[in-house]
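Novice: Supplied structure: run_24.tsv, TSV, C-alpha atoms.
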chain	number	residue	atom	x	y	z
M	1162	MET	CA	-78.09	-46.77	-9.22
M	1163	ALA	CA	-75.62	-44.37	-7.63
M	1164	THR	CA	-72.76	-43.09	-9.73
M	1165	TYR	CA	-69.19	-43.44	-8.50
M	1166	ALA	CA	-69.17	-39.73	-7.71
M	1167	GLU	CA	-72.32	-40.15	-5.62
M	1168	LEU	CA	-70.82	-43.17	-3.82
M	1169	LEU	CA	-67.78	-41.07	-2.97
M	1170	GLN	CA	-70.10	-38.31	-1.77
M	1171	ALA	CA	-71.90	-40.82	0.48
M	1172	CYS	CA	-68.56	-41.89	1.99
M	1173	ASP	CA	-68.07	-38.30	3.14
M	1174	ASN	CA	-71.63	-37.83	4.42
M	1175	ASN	CA	-71.21	-36.84	8.09
M	1176	ALA	CA	-74.69	-37.96	9.09
M	1177	LEU	CA	-74.12	-41.38	7.56
M	1178	ILE	CA	-70.65	-41.66	9.12
M	1179	THR	CA	-72.19	-40.91	12.52
M	1180	ARG	CA	-74.76	-43.68	12.04
M	1181	ILE	CA	-72.07	-46.11	10.88
M	1182	ARG	CA	-70.00	-45.21	13.96
M	1183	VAL	CA	-72.89	-46.12	16.25
M	1184	ALA	CA	-73.52	-49.31	14.27
M	1185	CYS	CA	-69.85	-50.22	14.71
M	1186	LEU	CA	-70.17	-49.72	18.47
M	1187	VAL	CA	-73.27	-51.92	18.56
M	1188	ALA	CA	-71.51	-54.58	16.46
M	1189	ALA	CA	-68.50	-54.42	18.77
M	1190	GLN	CA	-70.69	-55.02	21.80
M	1191	LYS	CA	-72.24	-58.02	20.06
M	1192	VAL	CA	-68.78	-59.43	19.36
M	1193	VAL	CA	-67.72	-58.95	22.98
M	1194	ALA	CA	-70.80	-60.94	24.06
M	1195	GLU	CA	-70.43	-63.74	21.51
M	1196	ALA	CA	-69.27	-67.23	22.41
M	1197	PRO	CA	-65.51	-67.79	22.33
M	1198	ALA	CA	-66.13	-70.72	19.97
M	1199	THR	CA	-67.43	-68.32	17.30
M	1200	ALA	CA	-65.37	-68.55	14.13
M	1201	ASN	CA	-62.60	-65.95	14.02
M	1202	HIS	CA	-63.46	-64.89	17.58
M	1203	ALA	CA	-59.97	-63.74	18.60
M	1204	ALA	CA	-59.63	-61.42	15.61
M	1205	ARG	CA	-63.24	-60.26	15.97
M	1206	LEU	CA	-62.60	-59.47	19.64
M	1207	ALA	CA	-59.47	-57.49	18.79
M	1208	TRP	CA	-61.52	-55.52	16.24
M	1209	ALA	CA	-64.26	-54.93	18.82
M	1210	ARG	CA	-61.80	-53.65	21.41
M	1211	ALA	CA	-60.30	-51.24	18.90
M	1212	VAL	CA	-63.77	-49.98	17.99
M	1213	LEU	CA	-64.79	-49.52	21.61
M	1214	ASP	CA	-61.54	-47.65	22.23
M	1215	ASP	CA	-61.98	-45.31	19.25
M	1216	PRO	CA	-64.92	-45.89	16.88
M	1217	GLU	CA	-64.07	-43.12	14.41
M	1218	PRO	CA	-61.38	-44.98	12.42
M	1219	ALA	CA	-63.59	-48.06	12.21
M	1220	ALA	CA	-66.52	-45.98	10.96
M	1221	ARG	CA	-64.35	-44.30	8.31
M	1222	LYS	CA	-63.31	-47.72	7.03
M	1223	MET	CA	-66.70	-49.37	7.41
M	1224	ILE	CA	-68.56	-46.67	5.49
M	1225	ARG	CA	-66.64	-47.55	2.35
M	1226	VAL	CA	-67.83	-51.15	2.61
M	1227	ALA	CA	-71.38	-50.12	3.47
M	1228	VAL	CA	-71.65	-47.70	0.59
M	1229	THR	CA	-70.10	-49.91	-2.06
M	1230	ALA	CA	-72.09	-52.95	-0.92
M	1231	ASN	CA	-75.20	-50.94	-1.75
M	1232	ARG	CA	-73.95	-49.41	-4.99
M	1233	GLY	CA	-77.08	-50.60	-6.78
M	1234	ALA	CA	-79.16	-48.18	-4.71
M	1235	THR	CA	-79.53	-44.48	-5.38
M	1236	LEU	CA	-77.67	-41.92	-3.30
M	1237	ALA	CA	-80.96	-40.95	-1.67
M	1238	GLN	CA	-81.65	-44.57	-0.74
M	1239	ILE	CA	-78.18	-45.05	0.70
M	1240	THR	CA	-78.28	-41.93	2.84
M	1241	ALA	CA	-81.87	-42.60	3.96
M	1242	ALA	CA	-81.32	-46.23	4.99
M	1243	ASP	CA	-82.94	-47.01	8.32
M	1244	ASP	CA	-80.90	-47.95	11.38
M	1245	ALA	CA	-81.70	-51.66	11.08
M	1246	THR	CA	-80.40	-51.74	7.53
M	1247	VAL	CA	-77.23	-49.88	8.48
M	1248	GLN	CA	-76.69	-52.28	11.39
M	1249	THR	CA	-77.16	-55.33	9.17
M	1250	VAL	CA	-74.57	-54.05	6.69
M	1251	VAL	CA	-72.08	-53.31	9.47
M	1252	ASP	CA	-72.67	-56.63	11.22
M	1253	SER	CA	-72.12	-58.43	7.93
M	1254	ALA	CA	-68.80	-56.66	7.33
M	1255	VAL	CA	-67.14	-57.22	10.71
M	1256	ASP	CA	-65.06	-60.15	9.46
M	1257	THR	CA	-63.78	-57.98	6.60
M	1258	PHE	CA	-61.89	-55.97	9.21
M	1259	ALA	CA	-61.34	-58.64	11.87
M	1260	LEU	CA	-58.09	-60.02	10.56
Mind turning the file's structure into structure tokens?
Specialist:
Amino acid sequence: MATYAELLQACDNNALITRIRVACLVAAQKVVAEAPATANHAARLAWARAVLDDPEPAARKMIRVAVTANRGATLAQITAADDATVQTVVDSAVDTFAL
């Protein structure tokens, strides 16, 4: 289990932030393509547009959710997560930011 200090370190990990940024872009594209009847679609679409316009702020916010959601893992496990795992975490957190 990662310590709080290690979780904070992961939030500042540039390689992980870069991967989260790409995952946010992929999630945004999925939202743009989803059916308008999807729950919370208008807010999700606004989030997606903001991400597509500038993904860096979204990644900086999303990494905090991604890291703390996996606080039971070690720092090494968090930073070594594969792309599919990172994408799943980001996809699952979209509604956290789509308000």
Novice: Draw an axis-aligned box tight on the listed atoms of range 1169-1181 of chain M, then pad every side by 4 Å and write out centre and edge lengths in Å to one decimal as JSON.
Specialist:
{"center_x": -71.3, "center_y": -41.5, "center_z": 4.8, "size_x": 15.0, "size_y": 17.3, "size_z": 23.5}
Novice: Could you check the closest approach to Ala1254 in chain M for each of M:Ala1188, M:Ala1203, M:Ala1198, M:Leu1168 and tell me which residue wins, using all atoms listed in the file?
Specialist: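 For Ala1254 in chain M, the nearest of the candidates is M:Ala1188.
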Novice: Tell me which of M:Val1228, M:Val1247, M:Ala1189, M:Ala1194 sits closest to Arg1210 in chain M, counting all atoms listed in the file.
Specialist: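 Among the listed residues, M:Ala1189 lies closest to Arg1210 in chain M.
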Novice: Distance CA of Gln1190 in chain M-CA of Asp1244 in chain M, one decimal place?
Specialist: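 Computed distance, CA of Gln1190 in chain M to CA of Asp1244 in chain M, equals 16.2 Å.
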Novice: Expressed in Å to a single decimal, how great is the separation between CA of Ile1181 in chain M and CA of Ala1220 in chain M?
Specialist: 5.6 Å
Novice: Smallest atom-to-atom distance to Leu1206 in chain M: which of M:Leu1260, M:Arg1221, M:Glu1167, M:Thr1246, using only C-alpha atoms?
Specialist: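 Ranked by minimum distance to Leu1206 in chain M, first place goes to M:Leu1260.
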Novice: What is the CA of Asp1243 in chain M-CA of Val1183 in chain M distance in Å, reported with one decimal?
Specialist: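 CA of Asp1243 in chain M sits 12.8 Å away from CA of Val1183 in chain M.
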Novice: Counting all atoms listed in the file, what is within 12 Å of Ala1230 in chain M, bar same-chain residues fewer than 3 positions away, as an MDAnalysis selection string?
Specialist: chainID M and resid 1162:1163 1168 1172 1223:1227 1233:1234 1239 1246:1247 1249:1251 1253:1254
Novice: With a distance cut-off of 9 Å and only C-alpha atoms, select the neighbouring residues of Thr1179 in chain M, excluding the residue or stretch itself and same-chain residues fewer than 5 positions from it, and output the selection as a list in words.
Specialist: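 Once the nearby chain positions are removed, what remains is Asn1174, Ala1184, Glu1217 and Ala1220 of chain M.
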Novice: If you keep C-alpha atoms, can you produce a file of those selected residues as a short mmCIF file (atom, residue, chain, number, x, y, z; two decimals), in the coordinates of the input?
Specialist:
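The resulting out-v1.cif:
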data_model
loop_
_atom_site.label_atom_id
_atom_site.label_comp_id
_atom_site.auth_asym_id
_atom_site.auth_seq_id
_atom_site.Cartn_x
_atom_site.Cartn_y
_atom_site.Cartn_z
CA ASN M 1174 -71.63 -37.83 4.42
CA ALA M 1184 -73.52 -49.31 14.27
CA GLU M 1217 -64.07 -43.12 14.41
CA ALA M 1220 -66.52 -45.98 10.96
#
Novice: For Thr1257 in chain M, which of M:Thr1240, M:Asn1175, M:Asn1231, M:Asn1201 is the closest residue, counting only C-alpha atoms?
Specialist: M:Asn1201
